[in-house]
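Pasting run.pdb here (PDB, C-alpha atoms):
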ATOM      1  CA  MET A   1      -1.459 -15.634  26.352  1.00  0.00           C
ATOM      2  CA  VAL A   2      -2.107 -13.525  23.258  1.00  0.00           C
ATOM      3  CA  GLN A   3      -5.371 -14.209  21.427  1.00  0.00           C
ATOM      4  CA  LYS A   4      -4.807 -15.492  17.899  1.00  0.00           C
ATOM      5  CA  LYS A   5      -5.490 -13.174  14.996  1.00  0.00           C
ATOM      6  CA  ARG A   6      -7.765 -14.848  12.468  1.00  0.00           C
ATOM      7  CA  VAL A   7      -7.805 -14.364   8.705  1.00  0.00           C
ATOM      8  CA  LEU A   8     -10.390 -15.612   6.184  1.00  0.00           C
ATOM      9  CA  MET A   9      -9.484 -15.747   2.484  1.00  0.00           C
ATOM     10  CA  VAL A  10     -12.505 -15.491   0.168  1.00  0.00           C
ATOM     11  CA  CYS A  11     -13.093 -15.991  -3.540  1.00  0.00           C
ATOM     12  CA  LEU A  12     -16.094 -16.923  -5.639  1.00  0.00           C
ATOM     13  CA  GLY A  13     -16.055 -20.729  -5.307  1.00  0.00           C
ATOM     14  CA  ASN A  14     -13.296 -21.508  -2.775  1.00  0.00           C
ATOM     15  CA  ILE A  15     -11.456 -23.921  -5.062  1.00  0.00           C
ATOM     16  CA  CYS A  16      -8.801 -21.701  -6.716  1.00  0.00           C
ATOM     17  CA  ARG A  17      -7.686 -18.355  -5.322  1.00  0.00           C
ATOM     18  CA  SER A  18      -8.740 -18.496  -1.673  1.00  0.00           C
ATOM     19  CA  PRO A  19      -7.365 -22.011  -1.045  1.00  0.00           C
ATOM     20  CA  ILE A  20      -4.043 -20.977  -2.585  1.00  0.00           C
ATOM     21  CA  ALA A  21      -3.980 -17.869  -0.374  1.00  0.00           C
ATOM     22  CA  GLU A  22      -4.937 -19.948   2.680  1.00  0.00           C
ATOM     23  CA  ALA A  23      -2.168 -22.473   1.991  1.00  0.00           C
ATOM     24  CA  VAL A  24       0.402 -19.721   1.411  1.00  0.00           C
ATOM     25  CA  PHE A  25      -0.612 -17.906   4.620  1.00  0.00           C
ATOM     26  CA  SER A  26      -0.478 -21.135   6.619  1.00  0.00           C
ATOM     27  CA  ASN A  27       2.910 -22.012   5.141  1.00  0.00           C
ATOM     28  CA  GLU A  28       4.246 -18.523   5.874  1.00  0.00           C
ATOM     29  CA  ILE A  29       3.139 -18.450   9.524  1.00  0.00           C
ATOM     30  CA  ASP A  30       4.552 -21.946   9.940  1.00  0.00           C
ATOM     31  CA  ALA A  31       7.903 -20.879   8.463  1.00  0.00           C
ATOM     32  CA  LEU A  32       7.982 -17.824  10.739  1.00  0.00           C
ATOM     33  CA  GLY A  33       6.976 -19.814  13.831  1.00  0.00           C
ATOM     34  CA  LEU A  34       3.771 -17.811  14.226  1.00  0.00           C
ATOM     35  CA  ASN A  35       1.214 -20.629  14.525  1.00  0.00           C
ATOM     36  CA  GLU A  36       0.508 -19.544  18.102  1.00  0.00           C
ATOM     37  CA  SER A  37      -0.373 -16.024  16.919  1.00  0.00           C
ATOM     38  CA  TRP A  38      -2.267 -16.504  13.640  1.00  0.00           C
ATOM     39  CA  GLU A  39      -4.946 -18.737  12.110  1.00  0.00           C
ATOM     40  CA  VAL A  40      -6.223 -18.838   8.546  1.00  0.00           C
ATOM     41  CA  GLU A  41      -9.161 -20.401   6.712  1.00  0.00           C
ATOM     42  CA  SER A  42     -10.834 -19.861   3.352  1.00  0.00           C
ATOM     43  CA  ALA A  43     -14.404 -19.741   2.071  1.00  0.00           C
ATOM     44  CA  ALA A  44     -16.594 -19.036  -0.953  1.00  0.00           C
ATOM     45  CA  ILE A  45     -19.133 -16.418  -1.893  1.00  0.00           C
ATOM     46  CA  ILE A  46     -21.280 -19.034  -3.664  1.00  0.00           C
ATOM     47  CA  GLY A  47     -21.931 -22.633  -2.650  1.00  0.00           C
ATOM     48  CA  TYR A  48     -21.475 -24.275  -6.044  1.00  0.00           C
ATOM     49  CA  HIS A  49     -18.322 -26.177  -4.987  1.00  0.00           C
ATOM     50  CA  THR A  50     -19.194 -26.771  -1.306  1.00  0.00           C
ATOM     51  CA  GLY A  51     -17.472 -29.890   0.003  1.00  0.00           C
ATOM     52  CA  LYS A  52     -15.128 -30.203  -2.971  1.00  0.00           C
ATOM     53  CA  CYS A  53     -11.340 -30.224  -2.860  1.00  0.00           C
ATOM     54  CA  PRO A  54      -9.445 -27.361  -4.505  1.00  0.00           C
ATOM     55  CA  ASP A  55      -9.026 -27.366  -8.276  1.00  0.00           C
ATOM     56  CA  PRO A  56      -6.311 -29.882  -9.277  1.00  0.00           C
ATOM     57  CA  ARG A  57      -4.351 -27.059 -10.928  1.00  0.00           C
ATOM     58  CA  ALA A  58      -4.331 -25.133  -7.629  1.00  0.00           C
ATOM     59  CA  MET A  59      -3.075 -28.201  -5.780  1.00  0.00           C
ATOM     60  CA  ALA A  60      -0.434 -28.895  -8.449  1.00  0.00           C
ATOM     61  CA  THR A  61       0.798 -25.299  -8.152  1.00  0.00           C
ATOM     62  CA  LEU A  62       1.048 -25.570  -4.372  1.00  0.00           C
ATOM     63  CA  ARG A  63       2.959 -28.866  -4.623  1.00  0.00           C
ATOM     64  CA  GLU A  64       5.334 -27.392  -7.230  1.00  0.00           C
ATOM     65  CA  LYS A  65       5.992 -24.483  -4.865  1.00  0.00           C
ATOM     66  CA  GLY A  66       6.783 -26.842  -1.976  1.00  0.00           C
ATOM     67  CA  ILE A  67       3.465 -26.768  -0.092  1.00  0.00           C
ATOM     68  CA  THR A  68       2.656 -30.444   0.161  1.00  0.00           C
ATOM     69  CA  ASN A  69       0.700 -30.731   3.410  1.00  0.00           C
ATOM     70  CA  TYR A  70      -2.398 -28.694   2.476  1.00  0.00           C
ATOM     71  CA  TYR A  71      -5.910 -30.141   2.692  1.00  0.00           C
ATOM     72  CA  HIS A  72      -9.162 -28.251   2.200  1.00  0.00           C
ATOM     73  CA  ARG A  73     -12.867 -28.710   1.460  1.00  0.00           C
ATOM     74  CA  ALA A  74     -14.765 -25.744   0.027  1.00  0.00           C
ATOM     75  CA  ARG A  75     -17.297 -23.978   2.209  1.00  0.00           C
ATOM     76  CA  THR A  76     -19.308 -20.790   1.975  1.00  0.00           C
ATOM     77  CA  VAL A  77     -18.940 -17.654   4.048  1.00  0.00           C
ATOM     78  CA  ASN A  78     -21.386 -17.705   6.945  1.00  0.00           C
ATOM     79  CA  ILE A  79     -22.716 -14.941   9.156  1.00  0.00           C
ATOM     80  CA  ASP A  80     -20.477 -15.947  12.095  1.00  0.00           C
ATOM     81  CA  ASP A  81     -17.353 -15.381   9.978  1.00  0.00           C
ATOM     82  CA  PHE A  82     -17.911 -11.628  10.226  1.00  0.00           C
ATOM     83  CA  THR A  83     -17.330 -11.724  13.988  1.00  0.00           C
ATOM     84  CA  THR A  84     -15.005 -14.740  14.213  1.00  0.00           C
ATOM     85  CA  PHE A  85     -12.298 -13.373  11.924  1.00  0.00           C
ATOM     86  CA  ASN A  86     -10.238 -10.210  12.324  1.00  0.00           C
ATOM     87  CA  TRP A  87      -9.690  -9.837   8.554  1.00  0.00           C
ATOM     88  CA  ILE A  88     -11.695 -11.126   5.630  1.00  0.00           C
ATOM     89  CA  PHE A  89      -9.762 -10.815   2.381  1.00  0.00           C
ATOM     90  CA  GLY A  90     -11.540 -10.871  -0.957  1.00  0.00           C
ATOM     91  CA  MET A  91      -9.618 -11.486  -4.152  1.00  0.00           C
ATOM     92  CA  ASP A  92     -11.462  -9.009  -6.394  1.00  0.00           C
ATOM     93  CA  ASN A  93     -13.938  -6.130  -6.235  1.00  0.00           C
ATOM     94  CA  SER A  94     -16.902  -8.419  -6.822  1.00  0.00           C
ATOM     95  CA  ASN A  95     -15.926 -10.461  -3.740  1.00  0.00           C
ATOM     96  CA  ILE A  96     -15.646  -7.273  -1.672  1.00  0.00           C
ATOM     97  CA  GLU A  97     -19.015  -5.972  -2.864  1.00  0.00           C
ATOM     98  CA  GLU A  98     -20.686  -9.267  -1.975  1.00  0.00           C
ATOM     99  CA  LEU A  99     -18.960  -9.471   1.422  1.00  0.00           C
ATOM    100  CA  ASN A 100     -20.056  -5.922   2.244  1.00  0.00           C
ATOM    101  CA  TYR A 101     -23.596  -6.815   1.187  1.00  0.00           C
ATOM    102  CA  MET A 102     -23.577  -9.968   3.359  1.00  0.00           C
ATOM    103  CA  LYS A 103     -21.986  -8.481   6.468  1.00  0.00           C
ATOM    104  CA  PRO A 104     -24.206  -8.102   9.514  1.00  0.00           C
ATOM    105  CA  ALA A 105     -24.516  -4.902  11.551  1.00  0.00           C
ATOM    106  CA  ASN A 106     -22.266  -6.387  14.265  1.00  0.00           C
ATOM    107  CA  CYS A 107     -19.417  -7.158  11.842  1.00  0.00           C
ATOM    108  CA  THR A 108     -16.053  -6.786  13.573  1.00  0.00           C
ATOM    109  CA  ALA A 109     -13.886  -8.113  10.732  1.00  0.00           C
ATOM    110  CA  LYS A 110     -11.959  -5.757   8.498  1.00  0.00           C
ATOM    111  CA  ILE A 111     -12.989  -6.523   4.902  1.00  0.00           C
ATOM    112  CA  GLU A 112     -10.247  -5.784   2.384  1.00  0.00           C
ATOM    113  CA  LEU A 113      -8.747  -6.839  -0.915  1.00  0.00           C
ATOM    114  CA  LEU A 114      -5.764  -9.098  -0.280  1.00  0.00           C
ATOM    115  CA  GLY A 115      -4.099  -7.325  -3.206  1.00  0.00           C
ATOM    116  CA  LYS A 116      -4.106  -4.089  -1.197  1.00  0.00           C
ATOM    117  CA  TYR A 117      -0.889  -5.387   0.372  1.00  0.00           C
ATOM    118  CA  ASP A 118       0.876  -6.207  -2.920  1.00  0.00           C
ATOM    119  CA  PRO A 119       4.166  -4.279  -3.060  1.00  0.00           C
ATOM    120  CA  LYS A 120       3.963  -4.493  -6.869  1.00  0.00           C
ATOM    121  CA  GLY A 121       0.558  -2.789  -6.795  1.00  0.00           C
ATOM    122  CA  GLU A 122      -1.409  -5.603  -8.451  1.00  0.00           C
ATOM    123  CA  ILE A 123      -4.595  -5.066  -6.475  1.00  0.00           C
ATOM    124  CA  ILE A 124      -6.876  -7.632  -8.139  1.00  0.00           C
ATOM    125  CA  ILE A 125      -6.117 -11.355  -7.936  1.00  0.00           C
ATOM    126  CA  LYS A 126      -7.819 -12.683 -11.062  1.00  0.00           C
ATOM    127  CA  ASP A 127      -9.746 -15.949 -11.139  1.00  0.00           C
ATOM    128  CA  PRO A 128      -7.715 -18.562 -13.069  1.00  0.00           C
ATOM    129  CA  TYR A 129     -10.554 -21.120 -13.194  1.00  0.00           C
ATOM    130  CA  TYR A 130     -11.392 -20.722 -16.891  1.00  0.00           C
ATOM    131  CA  MET A 131      -7.785 -20.603 -18.086  1.00  0.00           C
ATOM    132  CA  ASN A 132      -6.562 -23.602 -20.066  1.00  0.00           C
ATOM    133  CA  ASN A 133      -3.192 -23.850 -18.347  1.00  0.00           C
ATOM    134  CA  ASN A 134      -1.543 -23.359 -14.973  1.00  0.00           C
ATOM    135  CA  ASN A 135      -0.183 -19.860 -15.649  1.00  0.00           C
ATOM    136  CA  GLY A 136      -3.066 -18.140 -13.862  1.00  0.00           C
ATOM    137  CA  PHE A 137      -2.621 -20.393 -10.830  1.00  0.00           C
ATOM    138  CA  TYR A 138       1.092 -19.554 -10.671  1.00  0.00           C
ATOM    139  CA  LYS A 139       0.181 -15.859 -10.828  1.00  0.00           C
ATOM    140  CA  VAL A 140      -2.315 -16.299  -7.959  1.00  0.00           C
ATOM    141  CA  TYR A 141       0.402 -18.040  -5.940  1.00  0.00           C
ATOM    142  CA  GLU A 142       2.964 -15.301  -6.616  1.00  0.00           C
ATOM    143  CA  GLN A 143       0.525 -12.463  -5.860  1.00  0.00           C
ATOM    144  CA  SER A 144      -0.714 -14.199  -2.694  1.00  0.00           C
ATOM    145  CA  THR A 145       2.840 -14.762  -1.492  1.00  0.00           C
ATOM    146  CA  ARG A 146       3.809 -11.098  -1.972  1.00  0.00           C
ATOM    147  CA  CYS A 147       0.620  -9.837  -0.322  1.00  0.00           C
ATOM    148  CA  ILE A 148       0.784 -12.187   2.647  1.00  0.00           C
ATOM    149  CA  LYS A 149       4.440 -11.458   3.354  1.00  0.00           C
ATOM    150  CA  ALA A 150       3.718  -7.719   3.211  1.00  0.00           C
ATOM    151  CA  PHE A 151       0.606  -8.098   5.393  1.00  0.00           C
ATOM    152  CA  LEU A 152       2.492 -10.083   8.043  1.00  0.00           C
ATOM    153  CA  GLN A 153       5.359  -7.591   7.952  1.00  0.00           C
ATOM    154  CA  GLN A 154       2.912  -4.734   8.439  1.00  0.00           C
ATOM    155  CA  HIS A 155       1.330  -6.538  11.399  1.00  0.00           C
ATOM    156  CA  LYS A 156       4.538  -7.931  12.867  1.00  0.00           C
ATOM    157  CA  ASP A 157       3.927  -6.368  16.293  1.00  0.00           C
ATOM    158  CA  GLU A 158       0.749  -8.436  16.526  1.00  0.00           C
ATOM    159  CA  THR A 159       2.711 -11.604  15.736  1.00  0.00           C
ATOM    160  CA  LEU A 160       5.293 -11.342  18.472  1.00  0.00           C
ATOM    161  CA  LYS A 161       5.237 -14.418  20.642  1.00  0.00           C
ATOM    162  CA  PRO A 162       4.536 -13.816  24.325  1.00  0.00           C
ATOM    163  CA  GLU A 163       7.625 -14.198  26.532  1.00  0.00           C
TER     164      GLU A 163
END
Here is a file; write its structure as structure tokens.
Amino acid sequence: MVQKKRVLMVCLGNICRSPIAEAVFSNEIDALGLNESWEVESAAIIGYHTGKCPDPRAMATLREKGITNYYHRARTVNIDDFTTFNWIFGMDNSNIEELNYMKPANCTAKIELLGKYDPKGEIIIKDPYYMNNNNGFYKVYEQSTRCIKAFLQQHKDETLKPE
């Protein structure tokens, strides 16, 4: 049995970008039949929204894009995440700086920008929280989808199901 690869999506408050990325990743591995090989969660840098559901605009975007079975409660990154997960993806440079500051000496996770995998080269996934419409949430969804598909393609040998 192959050990699951684990991914943690991180943004500032865990109610916009990282839940969208988590839902997209989960949906993608489900569609590809890779649930036995991959796991995904999401978390926040700050605890302001701990215990809250994702922003209604994030949830509306996911529903409009066909992801209807997603449920999440915001949580913060904890010290164990740095050894539990294989990859920790931040959405912007500030997230990466904070994650690198927080990481313990025994960190085994690879800390990267999710946007590093964007075939269109849009490296930063901007926070849509203060936007007055859903456009920013759609952009987060589209960027996350491109990045996650490219990431899974790049790591396809690690996603092969055991015979």
| Ground truth for the PyMOL selection byres ((chain A and resi 73-89) around 6), written as a list in words | Arg6, Val7, Leu8, Met9, Val10, Asn14, Ala43, Ala44, Ile45, Gly47, Thr50, Gly51, Lys52, Cys53, His72, Gly90, Cys107, Thr108, Ala109, Lys110, Ile111, Glu112, Leu113 and Leu114 of chain A
Wanna dump the stretch 28-97 of chain A-stretch 134-142 of chain A contacts at 12 Å for me, each residue with its shortest atom pair and the distance in Å to one decimal, counting only C-alpha atoms, ordered by chain and number, as a tab-separated table?
residue	atom	partner	partner_atom	distance
A:Pro54	CA	A:Phe137	CA	11.6
A:Asp55	CA	A:Phe137	CA	9.8
A:Pro56	CA	A:Asn134	CA	9.9
A:Arg57	CA	A:Asn134	CA	6.2
A:Ala58	CA	A:Phe137	CA	6.0
A:Met59	CA	A:Phe137	CA	9.3
A:Ala60	CA	A:Asn134	CA	8.6
A:Thr61	CA	A:Tyr138	CA	6.3
A:Leu62	CA	A:Tyr141	CA	7.7
A:Arg63	CA	A:Tyr141	CA	11.2
A:Glu64	CA	A:Tyr138	CA	9.6
A:Lys65	CA	A:Tyr141	CA	8.6
A:Gly66	CA	A:Tyr141	CA	11.6
A:Ile67	CA	A:Tyr141	CA	10.9
A:Met91	CA	A:Val140	CA	9.5
A:Asp92	CA	A:Val140	CA	11.8
| remark: Computed gap from atom CA of A:Ala21 to atom CA of A:Leu34 is 16.5 Å
| What is the atom CA of A:Lys156 to atom CA of A:Lys126 distance in Å? |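 That distance, rounded to one decimal, is 27.3 Å.
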| Two-atom distance - atom CA of A:Lys149, atom CA of A:Gly121 (Å) |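 Rounded to one decimal, the two atoms are 13.9 Å apart.
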| Got a sec to check which residues sit within 9 Å of (-12.2, -1.7, -7.8), counting all atoms listed in the file, and write them as a PyMOL selection string? | chain A and resi 92-94+96+123-124
| request: Check what the PyMOL selection byres ((chain A and resi 151) around 12) selects in the file above and give those residues as an MDAnalysis selection string. | output: chainID A and resid 7 25 28:29 87 89 112:119 144:150 152:159
Can those selected residues be exported to a file as an mmCIF file, keeping the file's coordinate frame so that it contains C-alpha atoms?
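Produced file again-v5.cif, reproduced below:
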data_model
loop_
_atom_site.group_PDB
_atom_site.id
_atom_site.type_symbol
_atom_site.label_atom_id
_atom_site.label_comp_id
_atom_site.auth_asym_id
_atom_site.auth_seq_id
_atom_site.Cartn_x
_atom_site.Cartn_y
_atom_site.Cartn_z
ATOM 1 C CA VAL A 7 -7.805 -14.364 8.705
ATOM 2 C CA PHE A 25 -0.612 -17.906 4.620
ATOM 3 C CA GLU A 28 4.246 -18.523 5.874
ATOM 4 C CA ILE A 29 3.139 -18.450 9.524
ATOM 5 C CA TRP A 87 -9.690 -9.837 8.554
ATOM 6 C CA PHE A 89 -9.762 -10.815 2.381
ATOM 7 C CA GLU A 112 -10.247 -5.784 2.384
ATOM 8 C CA LEU A 113 -8.747 -6.839 -0.915
ATOM 9 C CA LEU A 114 -5.764 -9.098 -0.280
ATOM 10 C CA GLY A 115 -4.099 -7.325 -3.206
ATOM 11 C CA LYS A 116 -4.106 -4.089 -1.197
ATOM 12 C CA TYR A 117 -0.889 -5.387 0.372
ATOM 13 C CA ASP A 118 0.876 -6.207 -2.920
ATOM 14 C CA PRO A 119 4.166 -4.279 -3.060
ATOM 15 C CA SER A 144 -0.714 -14.199 -2.694
ATOM 16 C CA THR A 145 2.840 -14.762 -1.492
ATOM 17 C CA ARG A 146 3.809 -11.098 -1.972
ATOM 18 C CA CYS A 147 0.620 -9.837 -0.322
ATOM 19 C CA ILE A 148 0.784 -12.187 2.647
ATOM 20 C CA LYS A 149 4.440 -11.458 3.354
ATOM 21 C CA ALA A 150 3.718 -7.719 3.211
ATOM 22 C CA LEU A 152 2.492 -10.083 8.043
ATOM 23 C CA GLN A 153 5.359 -7.591 7.952
ATOM 24 C CA GLN A 154 2.912 -4.734 8.439
ATOM 25 C CA HIS A 155 1.330 -6.538 11.399
ATOM 26 C CA LYS A 156 4.538 -7.931 12.867
ATOM 27 C CA ASP A 157 3.927 -6.368 16.293
ATOM 28 C CA GLU A 158 0.749 -8.436 16.526
ATOM 29 C CA THR A 159 2.711 -11.604 15.736
#
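Closest to A:Tyr71 among A:Ser26, A:Asn95, A:Asn100, A:Asn132 is A:Ser26, based on all atoms listed in the file.
Among the candidates A:Cys16, A:Ser37, A:Cys11, A:Lys4, the one nearest to A:Tyr129 when counting only C-alpha atoms is A:Cys16.
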